[in-house]
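Take a look at the structure set out below.
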Amino acid sequence: MTDGIGLLIFLALSLLLVLLTVMQRKRSYTLRELLAFQRLRRAIGLAVEDGKRIHVALGRGNLLSENFGSALIGLGVLKRLSSVALIADHPPIATSGEGGLMLLAQTGLQAAHQRFGLPPQDLPQKAQLVGVTPLSFAVGSGMEIRDERVAVDLLIGHLGSEAALICDASHQQGNLSIAGSDDLTAQAVFAAAASHPLFGEEAYAAVAYMDGEAVHRASLQTQDLARWAIILFLIFASVVKLIGL
Amino acid sequence: MKPAFLRSPFSTLITLLTGLIVLLGYFLDFEPLREWRFRFLQWAILLAAVALFLGVFNLLRVHWGRLSESPSKAVYSLTFLGGFVSAVLMAGWLGIQHSLTRAVVDYVILPIEASLFVIILVTLLYALTRLLQHRLSVFSFVFLVTVLLSLIASIPLLGIEIPLLHGRDSLFSIALRILGTAGVRGLLIGVALGSVVTGIRVLFGLERPHGD
């Protein structure tokens, strides 16, 4: 066995998630209020009323890399937004810096159209690969923000310092920008440049705040419990080291 | 709403089987699992390459369509298409090691990217002033002070050394190392847990972020 502890952690988290999902169906877990998601709910309503679009920048997380997790959250957010925005016939637009992400975003939008019994139109324009390098992705996303009558920009995925250009384009249009990433440089950039930055695990909570399904609430609860376990382990390990055991 | 594994059981089954084999192949030292893991990853690399090709094709299609739109949009699209075609022809005809191809990279692409990095710097400075004007809170104040002190501590000030600020063993450097490392670890633990739990949800078909 090469990495028994890793497998054990994976199994424990999986079991915890399943158990908590079952418990969530009976009794709901209360989420703490996050200003970013309060503003987002309001901004989605206003955008739909004004006939404006919502833009989701999915980043450039590679399908085969460990940073694809944040891109999956971006795709989940896009899926939920499509359900709301399609009622007003203004589907959201998605930009990505990776071919696989673009295909998944197009599949998601197509599924949302089918759910509403609408024929999917202009999918290549609504979910695009705008550039394959970090800077070309940022410049391409900025152009979409300027050209597509966007009201809200959600940046959720693997991004880097180039995200400053996207946030700036968003600010120039007077849009609301909510941004979260798995990358620490991007998080530092968002702290200054985004209207509402999401730090650490907050980006991973986006889907739970948008639909409140039991499995997503259970995910947050699992993360909370795991975090407490890690904190206790760190304190325990520090004390053990301090007393020289 | 039904869970994803009930809505599309076939694709969920494929995700589950391939995902588990790749994961177990990573954790367990068992030759058949490792072999299958390697094979699945090879297939995934091929698929990712095809996806990139489709993405570029999609980009060309979108810009081709924009040529018939307003002149302001058409100019950008025409520039993009012209640049793309000439780059492909040049690299394909002359080869990527040819002096002309290298010159395009060295004298066109690299300077453009460098200028974009400078724009990022200016954008961030502007964002900091916005932060001061519109979102002044305890958080933004601490953020700003840390940024300013870090900048002052990391650049030479005409040979002047501020006692508590400059030097590897200065109070600021020690505080930044301890607090910074603690903060980074906290954020990374949150990101790691979020990624793992998201992966578990997708792997077991509890969610399909890209589909119905």
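Here, A, B, ... name the chains of the structure tokens in the order displayed, residue numbers run from 1 inside each chain, and ligands are numbered from 1 in the same displayed order.
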Checklist entry - For chain B, which residues have at least one atom within 6 Å of chain A, if we go by only C-alpha atoms? Write them as an MDAnalysis selection string, please. => result chainID B and resid 27:29 51:52 55 127:128 187 190:191 193:195 209:212
Item to check | Sel. of helix (DSSP H, G or I) residues, range 9-241 of chain A, as a ChimeraX atom specification | outcome: /A:9-26,35-50,68-88,99-115,123-126,134-147,163-172,184-193,200-211,214-241
Checklist entry - Excluding same-chain residues fewer than 4 positions from Thr146 in chain B, what lies within 12 Å of it counting only C-alpha atoms, as a ChimeraX atom specification? => result /A:188 /B:139-142,150-154,165,172-173,175-176,179-180
Save the residues we just selected, C-alpha atoms, as a compact mmCIF listing (two decimals), in the first residue's frame?
# COMPACT_ATOMS: atom_id res chain seq x y z
CA ALA A 188 -4.95 38.51 -3.32
CA PHE B 139 -10.03 44.26 6.51
CA SER B 140 -9.14 46.68 3.71
CA PHE B 141 -7.08 48.81 6.13
CA VAL B 142 -5.01 45.80 7.27
CA SER B 150 5.75 44.69 2.18
CA LEU B 151 6.58 46.98 -0.73
CA ILE B 152 8.75 49.25 1.41
CA ALA B 153 10.48 46.26 3.03
CA SER B 154 11.25 44.57 -0.29
CA LEU B 165 11.32 46.78 8.65
CA PHE B 172 8.24 42.83 10.21
CA SER B 173 9.86 39.99 8.30
CA ALA B 175 5.76 38.65 11.71
CA LEU B 176 5.05 38.35 7.98
CA LEU B 179 1.31 35.30 10.13
CA GLY B 180 1.66 34.92 6.36
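CA of Leu46 in chain A is positioned 26.0 Å from CA of Leu136 in chain B.
The residue that comes closest to Arg146 in chain A, out of A:His55, A:Leu234, A:His158, A:Pro91 and on the basis of only C-alpha atoms, is A:His55.
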